[in-house]
$ cat entry-v1.txt   # compact mmCIF, C-alpha atoms
# COMPACT_ATOMS: atom_id res chain seq x y z
CA MET A 1387 0.00 0.00 0.00
CA SER A 1388 1.42 3.37 -1.04
CA ILE A 1389 1.66 6.11 1.58
CA ALA A 1390 2.14 9.76 0.58
CA LYS A 1391 5.46 11.26 1.68
CA THR A 1392 7.42 14.47 1.08
CA GLY A 1393 8.66 14.64 -2.50
CA ASP A 1394 5.86 12.47 -3.93
CA THR A 1395 3.67 13.83 -6.69
CA VAL A 1396 0.11 13.22 -5.51
CA ARG A 1397 -3.39 13.67 -6.88
CA VAL A 1398 -6.11 14.67 -4.43
CA HIS A 1399 -9.83 15.28 -4.67
CA TYR A 1400 -10.95 17.90 -2.16
CA THR A 1401 -13.79 20.11 -1.01
CA GLY A 1402 -12.97 23.26 0.97
CA ARG A 1403 -15.50 24.81 3.34
CA LEU A 1404 -15.68 27.89 5.53
CA ASP A 1405 -16.90 27.70 9.14
CA ASP A 1406 -20.45 28.55 8.03
CA GLY A 1407 -20.46 25.53 5.69
CA THR A 1408 -20.03 27.54 2.49
CA VAL A 1409 -18.05 25.59 -0.12
CA PHE A 1410 -15.33 27.88 -1.52
CA ASP A 1411 -13.69 25.34 -3.82
CA SER A 1412 -13.96 21.70 -4.89
CA SER A 1413 -12.18 19.46 -7.37
CA HIS A 1414 -15.08 17.04 -7.75
CA GLU A 1415 -16.35 18.55 -11.02
CA ARG A 1416 -12.86 18.45 -12.56
CA GLU A 1417 -9.58 16.55 -12.43
CA PRO A 1418 -8.00 15.96 -9.01
CA LEU A 1419 -5.44 18.52 -7.82
CA GLU A 1420 -1.90 17.36 -8.61
CA PHE A 1421 1.07 18.69 -6.66
CA GLN A 1422 4.37 17.66 -5.13
CA LEU A 1423 4.19 17.16 -1.37
CA GLY A 1424 6.44 19.53 0.55
CA SER A 1425 7.22 21.75 -2.43
CA GLY A 1426 5.16 24.76 -1.31
CA GLN A 1427 2.67 24.43 -4.18
CA VAL A 1428 -0.26 24.32 -1.74
CA ILE A 1429 -0.92 25.88 1.65
CA PRO A 1430 1.11 24.27 4.47
CA GLY A 1431 -1.86 22.76 6.31
CA PHE A 1432 -3.10 21.06 3.12
CA ASP A 1433 0.36 19.54 2.55
CA ARG A 1434 0.47 18.17 6.11
CA ALA A 1435 -3.07 16.74 5.86
CA VAL A 1436 -2.18 14.73 2.74
CA GLU A 1437 1.19 13.45 3.99
CA GLY A 1438 0.80 9.97 5.44
CA LEU A 1439 -2.45 9.16 3.64
CA ALA A 1440 -2.73 5.91 1.69
CA VAL A 1441 -4.12 5.84 -1.84
CA GLY A 1442 -7.92 5.70 -1.55
CA GLU A 1443 -7.89 7.07 2.01
CA ALA A 1444 -10.06 10.06 2.87
CA THR A 1445 -9.87 12.51 5.77
CA GLU A 1446 -11.30 15.80 6.96
CA THR A 1447 -9.02 18.46 8.39
CA ARG A 1448 -9.41 21.96 9.76
CA ILE A 1449 -6.60 24.34 8.85
CA GLU A 1450 -6.16 27.50 10.90
CA ALA A 1451 -5.48 30.76 9.06
CA SER A 1452 -1.79 30.68 10.04
CA ASP A 1453 -1.35 27.40 8.10
CA ALA A 1454 -3.57 28.54 5.22
CA TYR A 1455 -3.43 32.05 3.72
CA GLY A 1456 -2.23 33.81 6.88
CA GLU A 1457 -3.75 36.77 8.65
CA PRO A 1458 -4.75 39.86 6.67
CA ARG A 1459 -1.93 42.40 6.43
CA ASP A 1460 -2.61 46.13 6.62
CA ASP A 1461 0.36 46.83 4.33
CA LEU A 1462 -1.49 45.03 1.50
CA ILE A 1463 -4.39 47.50 1.65
CA VAL A 1464 -3.86 50.76 -0.25
CA GLN A 1465 -5.89 53.79 -1.19
CA VAL A 1466 -5.27 55.26 -4.62
CA PRO A 1467 -6.58 58.55 -5.93
CA ARG A 1468 -9.83 58.04 -7.86
CA ASP A 1469 -8.40 59.82 -10.90
CA GLN A 1470 -5.65 57.16 -11.20
CA VAL A 1471 -8.25 54.46 -11.87
CA PRO A 1472 -9.58 54.41 -15.45
CA GLU A 1473 -13.21 55.55 -15.39
CA GLU A 1474 -14.24 52.93 -17.95
CA LEU A 1475 -13.50 50.20 -15.39
CA GLY A 1476 -16.57 51.25 -13.41
CA VAL A 1477 -14.97 50.07 -10.16
CA ALA A 1478 -17.22 48.94 -7.34
CA PRO A 1479 -16.66 47.17 -4.01
CA GLY A 1480 -16.10 43.44 -4.51
CA MET A 1481 -14.64 43.86 -8.00
CA GLN A 1482 -11.46 41.90 -8.75
CA LEU A 1483 -8.63 43.69 -10.60
CA GLU A 1484 -5.05 42.87 -11.55
CA LEU A 1485 -2.34 45.45 -10.93
CA ARG A 1486 0.82 45.41 -12.98
CA GLN A 1487 4.00 45.16 -10.98
CA PRO A 1488 7.21 47.05 -11.87
CA ASP A 1489 8.80 43.65 -12.71
CA GLY A 1490 6.09 42.93 -15.30
CA GLY A 1491 4.14 40.52 -13.13
CA SER A 1492 0.62 41.09 -11.90
CA MET A 1493 -1.04 41.14 -8.49
CA PRO A 1494 -4.72 40.35 -7.96
CA VAL A 1495 -6.56 42.88 -5.77
CA THR A 1496 -10.11 43.35 -4.57
CA VAL A 1497 -11.80 46.75 -4.56
CA THR A 1498 -13.08 47.21 -1.00
CA ALA A 1499 -14.29 50.82 -1.09
CA VAL A 1500 -14.90 53.60 -3.60
CA ASP A 1501 -15.67 57.23 -2.90
CA GLU A 1502 -15.39 60.50 -4.81
CA THR A 1503 -11.68 60.90 -4.11
CA SER A 1504 -10.21 57.41 -3.68
CA VAL A 1505 -10.42 53.68 -4.36
CA THR A 1506 -9.33 51.21 -1.68
CA LEU A 1507 -7.58 48.07 -2.97
CA ASP A 1508 -6.86 44.95 -0.92
CA ALA A 1509 -4.13 42.56 -2.12
CA ASN A 1510 -4.68 40.09 0.73
CA HIS A 1511 -5.85 36.65 -0.40
CA PRO A 1512 -9.67 36.53 -0.14
CA LEU A 1513 -9.38 33.68 2.39
CA ALA A 1514 -6.74 35.40 4.59
CA GLY A 1515 -7.68 35.32 8.25
CA ARG A 1516 -10.13 32.46 7.86
CA PRO A 1517 -9.83 28.89 9.09
CA LEU A 1518 -10.61 26.36 6.37
CA THR A 1519 -11.98 22.82 6.52
CA PHE A 1520 -11.07 20.36 3.78
CA GLU A 1521 -12.45 16.95 2.93
CA LEU A 1522 -9.57 15.20 1.19
CA GLU A 1523 -9.18 11.93 -0.69
CA LEU A 1524 -5.81 10.75 -1.94
CA VAL A 1525 -6.48 9.46 -5.45
CA ALA A 1526 -2.94 8.67 -6.63
CA ILE A 1527 0.75 8.85 -5.79
CA GLY A 1528 2.94 9.22 -8.86
CA GLY A 1529 1.59 6.61 -11.27
CA THR A 1530 -0.28 4.53 -8.68
CA SER A 1531 -3.99 4.82 -8.04
CA GLU A 1532 -6.65 2.84 -6.29
CA ALA A 1533 -7.97 0.05 -8.51

$ encode --input "entry-v1.txt" --output "structure tokens"
Amino acid sequence: MSIAKTGDTVRVHYTGRLDDGTVFDSSHEREPLEFQLGSGQVIPGFDRAVEGLAVGEATETRIEASDAYGEPRDDLIVQVPRDQVPEELGVAPGMQLELRQPDGGSMPVTVTAVDETSVTLDANHPLAGRPLTFELELVAIGGTSEA
């Protein structure tokens, strides 16, 4: 029986829920999530929950914010002058935007407030500060899967 360990490439079906039961993501309508255990490709608590599972084994785990997307950071919330935001965007609270970085990359942000003089942008992950509960099933390790 194969047991998942650091360095293994694994495939996992999952459903993620918030404390109120709201499902925020699930792989069940698509291919399982594939990643290398211990490589930092997924949040730390997810990695630890999968490690040690056998192919075909399922578990449920609660991951505190510190092992998920961390706590919200004030330095990732900025106000920009309203006239620096293109009017044709029609920005409104809840809207998702991508800001271009000086290095050419992009950063996703959420508009949290808009008034006559400024727009407030939040670059924190939308799940920052929230504990998450995952139902996990290890589907495969490398080329092995449950028959």

$ residues_around --input "entry-v1.txt" --residues "region 1435-1440 of chain A" --least-positions-apart "6" --cutoff "12 Å" --atoms "all atoms listed in the file" --output "MDAnalysis selection string"
chainID A and resid 1387:1400 1419:1424 1428:1429 1446:1449 1453:1454 1519:1527 1530:1532

$ atom_distance --input "entry-v1.txt" --atom1 "CA of Ser1413 (chain A)" --atom2 "CA of Ala1451 (chain A)"
21.0 Å

$ residues_around --input "entry-v1.txt" --residues "region 1496-1504 of chain A" --least-positions-apart "6" --cutoff "7 Å" --atoms "all atoms listed in the file" --output "JSON, numbers by chain"
{"A": [1465, 1466, 1467, 1468, 1478, 1479, 1480, 1481, 1482, 1483]}

$ atom_distance --input "entry-v1.txt" --atom1 "CA of Leu1475 (chain A)" --atom2 "CA of Ile1463 (chain A)"
19.5 Å

$ atom_distance --input "entry-v1.txt" --atom1 "CA of Pro1472 (chain A)" --atom2 "CA of Asp1489 (chain A)"
21.5 Å

$ closest_residue --input "entry-v1.txt" --among "A:Thr1445, A:Ser1412, A:Thr1506, A:Ser1452" --to "Pro1430 (chain A)" --atoms "all atoms listed in the file"
A:Ser1452

$ closest_residue --input "entry-v1.txt" --among "A:Thr1408, A:Pro1488, A:Thr1401, A:Asp1461" --to "Leu1507 (chain A)" --atoms "only C-alpha atoms"
A:Asp1461

$ residues_around --input "entry-v1.txt" --residues "Gly1456 (chain A)" --least-positions-apart "4" --cutoff "10 Å" --atoms "all atoms listed in the file" --output "MDAnalysis selection string"
chainID A and resid 1429 1450:1452 1510:1511 1513:1517

$ closest_residue --input "entry-v1.txt" --among "A:Leu1518, A:Gly1528, A:Glu1473, A:Glu1415" --to "Phe1432 (chain A)" --atoms "only C-alpha atoms"
A:Leu1518

$ decode --input "entry-v1.txt" --residues "region 1420-1461 of chain A" --atoms "N, CA and C atoms" --output "JSON list (two decimals), in the first residue's frame"
[["chain", "number", "residue", "atom", "x", "y", "z"],
["A", 1420, "GLU", "N", -3.19, 18.04, -8.61],
["A", 1420, "GLU", "CA", -1.90, 17.36, -8.61],
["A", 1420, "GLU", "C", -0.84, 18.32, -8.12],
["A", 1421, "PHE", "N", -0.02, 17.86, -7.18],
["A", 1421, "PHE", "CA", 1.07, 18.69, -6.66],
["A", 1421, "PHE", "C", 2.13, 17.80, -6.03],
["A", 1422, "GLN", "N", 3.29, 18.39, -5.79],
["A", 1422, "GLN", "CA", 4.37, 17.66, -5.13],
["A", 1422, "GLN", "C", 4.35, 17.98, -3.64],
["A", 1423, "LEU", "N", 4.22, 16.97, -2.82],
["A", 1423, "LEU", "CA", 4.19, 17.16, -1.37],
["A", 1423, "LEU", "C", 5.47, 17.83, -0.87],
["A", 1424, "GLY", "N", 5.30, 18.86, -0.06],
["A", 1424, "GLY", "CA", 6.44, 19.53, 0.55],
["A", 1424, "GLY", "C", 7.10, 20.57, -0.32],
["A", 1425, "SER", "N", 6.57, 20.83, -1.50],
["A", 1425, "SER", "CA", 7.22, 21.75, -2.43],
["A", 1425, "SER", "C", 6.74, 23.19, -2.30],
["A", 1426, "GLY", "N", 5.70, 23.42, -1.47],
["A", 1426, "GLY", "CA", 5.16, 24.76, -1.31],
["A", 1426, "GLY", "C", 4.13, 25.12, -2.37],
["A", 1427, "GLN", "N", 3.67, 24.17, -3.14],
["A", 1427, "GLN", "CA", 2.67, 24.43, -4.18],
["A", 1427, "GLN", "C", 1.27, 24.64, -3.61],
["A", 1428, "VAL", "N", 1.03, 24.15, -2.41],
["A", 1428, "VAL", "CA", -0.26, 24.32, -1.74],
["A", 1428, "VAL", "C", -0.02, 24.89, -0.35],
["A", 1429, "ILE", "N", -1.08, 25.33, 0.30],
["A", 1429, "ILE", "CA", -0.92, 25.88, 1.65],
["A", 1429, "ILE", "C", -0.35, 24.82, 2.59],
["A", 1430, "PRO", "N", 0.43, 25.23, 3.60],
["A", 1430, "PRO", "CA", 1.11, 24.27, 4.47],
["A", 1430, "PRO", "C", 0.19, 23.25, 5.14],
["A", 1431, "GLY", "N", -0.95, 23.68, 5.64],
["A", 1431, "GLY", "CA", -1.86, 22.76, 6.31],
["A", 1431, "GLY", "C", -2.42, 21.69, 5.39],
["A", 1432, "PHE", "N", -2.61, 22.02, 4.12],
["A", 1432, "PHE", "CA", -3.10, 21.06, 3.12],
["A", 1432, "PHE", "C", -2.02, 20.01, 2.89],
["A", 1433, "ASP", "N", -0.79, 20.45, 2.72],
["A", 1433, "ASP", "CA", 0.36, 19.54, 2.55],
["A", 1433, "ASP", "C", 0.41, 18.54, 3.70],
["A", 1434, "ARG", "N", 0.36, 19.04, 4.93],
["A", 1434, "ARG", "CA", 0.47, 18.17, 6.11],
["A", 1434, "ARG", "C", -0.70, 17.19, 6.21],
["A", 1435, "ALA", "N", -1.89, 17.62, 5.78],
["A", 1435, "ALA", "CA", -3.07, 16.74, 5.86],
["A", 1435, "ALA", "C", -2.96, 15.57, 4.89],
["A", 1436, "VAL", "N", -2.31, 15.79, 3.75],
["A", 1436, "VAL", "CA", -2.18, 14.73, 2.74],
["A", 1436, "VAL", "C", -1.04, 13.76, 3.08],
["A", 1437, "GLU", "N", 0.03, 14.30, 3.66],
["A", 1437, "GLU", "CA", 1.19, 13.45, 3.99],
["A", 1437, "GLU", "C", 0.77, 12.34, 4.95],
["A", 1438, "GLY", "N", 1.13, 11.13, 4.61],
["A", 1438, "GLY", "CA", 0.80, 9.97, 5.44],
["A", 1438, "GLY", "C", -0.47, 9.26, 5.04],
["A", 1439, "LEU", "N", -1.24, 9.84, 4.11],
["A", 1439, "LEU", "CA", -2.45, 9.16, 3.64],
["A", 1439, "LEU", "C", -2.07, 8.04, 2.68],
["A", 1440, "ALA", "N", -2.89, 7.00, 2.66],
["A", 1440, "ALA", "CA", -2.73, 5.91, 1.69],
["A", 1440, "ALA", "C", -3.64, 6.20, 0.51],
["A", 1441, "VAL", "N", -3.28, 5.68, -0.65],
["A", 1441, "VAL", "CA", -4.12, 5.84, -1.84],
["A", 1441, "VAL", "C", -5.51, 5.28, -1.53],
["A", 1442, "GLY", "N", -6.54, 6.08, -1.82],
["A", 1442, "GLY", "CA", -7.92, 5.70, -1.55],
["A", 1442, "GLY", "C", -8.41, 6.15, -0.19],
["A", 1443, "GLU", "N", -7.51, 6.62, 0.67],
["A", 1443, "GLU", "CA", -7.89, 7.07, 2.01],
["A", 1443, "GLU", "C", -8.44, 8.49, 1.97],
["A", 1444, "ALA", "N", -9.45, 8.74, 2.78],
["A", 1444, "ALA", "CA", -10.06, 10.06, 2.87],
["A", 1444, "ALA", "C", -9.95, 10.58, 4.30],
["A", 1445, "THR", "N", -9.93, 11.90, 4.45],
["A", 1445, "THR", "CA", -9.87, 12.51, 5.77],
["A", 1445, "THR", "C", -10.52, 13.88, 5.71],
["A", 1446, "GLU", "N", -10.83, 14.42, 6.86],
["A", 1446, "GLU", "CA", -11.30, 15.80, 6.96],
["A", 1446, "GLU", "C", -10.36, 16.51, 7.91],
["A", 1447, "THR", "N", -9.95, 17.71, 7.56],
["A", 1447, "THR", "CA", -9.02, 18.46, 8.39],
["A", 1447, "THR", "C", -9.39, 19.93, 8.44],
["A", 1448, "ARG", "N", -9.21, 20.52, 9.60],
["A", 1448, "ARG", "CA", -9.41, 21.96, 9.76],
["A", 1448, "ARG", "C", -8.04, 22.61, 9.78],
["A", 1449, "ILE", "N", -7.88, 23.65, 8.96],
["A", 1449, "ILE", "CA", -6.60, 24.34, 8.85],
["A", 1449, "ILE", "C", -6.80, 25.77, 9.33],
["A", 1450, "GLU", "N", -6.07, 26.14, 10.37],
["A", 1450, "GLU", "CA", -6.16, 27.50, 10.90],
["A", 1450, "GLU", "C", -5.55, 28.48, 9.90],
["A", 1451, "ALA", "N", -5.94, 29.73, 9.99],
["A", 1451, "ALA", "CA", -5.48, 30.76, 9.06],
["A", 1451, "ALA", "C", -3.96, 30.81, 8.95],
["A", 1452, "SER", "N", -3.26, 30.60, 10.05],
["A", 1452, "SER", "CA", -1.79, 30.68, 10.04],
["A", 1452, "SER", "C", -1.16, 29.60, 9.17],
["A", 1453, "ASP", "N", -1.85, 28.48, 8.96],
["A", 1453, "ASP", "CA", -1.35, 27.40, 8.10],
["A", 1453, "ASP", "C", -2.06, 27.38, 6.75],
["A", 1454, "ALA", "N", -2.86, 28.43, 6.49],
["A", 1454, "ALA", "CA", -3.57, 28.54, 5.22],
["A", 1454, "ALA", "C", -3.04, 29.78, 4.49],
["A", 1455, "TYR", "N", -3.83, 30.84, 4.45],
["A", 1455, "TYR", "CA", -3.43, 32.05, 3.72],
["A", 1455, "TYR", "C", -2.96, 33.17, 4.65],
["A", 1456, "GLY", "N", -2.74, 32.84, 5.93],
["A", 1456, "GLY", "CA", -2.23, 33.81, 6.88],
["A", 1456, "GLY", "C", -3.29, 34.80, 7.33],
["A", 1457, "GLU", "N", -2.86, 35.71, 8.17],
["A", 1457, "GLU", "CA", -3.75, 36.77, 8.65],
["A", 1457, "GLU", "C", -3.70, 37.93, 7.66],
["A", 1458, "PRO", "N", -4.78, 38.69, 7.55],
["A", 1458, "PRO", "CA", -4.75, 39.86, 6.67],
["A", 1458, "PRO", "C", -3.66, 40.84, 7.12],
["A", 1459, "ARG", "N", -3.00, 41.45, 6.14],
["A", 1459, "ARG", "CA", -1.93, 42.40, 6.43],
["A", 1459, "ARG", "C", -2.37, 43.79, 6.00],
["A", 1460, "ASP", "N", -2.24, 44.75, 6.91],
["A", 1460, "ASP", "CA", -2.61, 46.13, 6.62],
["A", 1460, "ASP", "C", -1.77, 46.72, 5.48],
["A", 1461, "ASP", "N", -0.51, 46.27, 5.36],
["A", 1461, "ASP", "CA", 0.36, 46.83, 4.33],
["A", 1461, "ASP", "C", -0.05, 46.39, 2.91]]
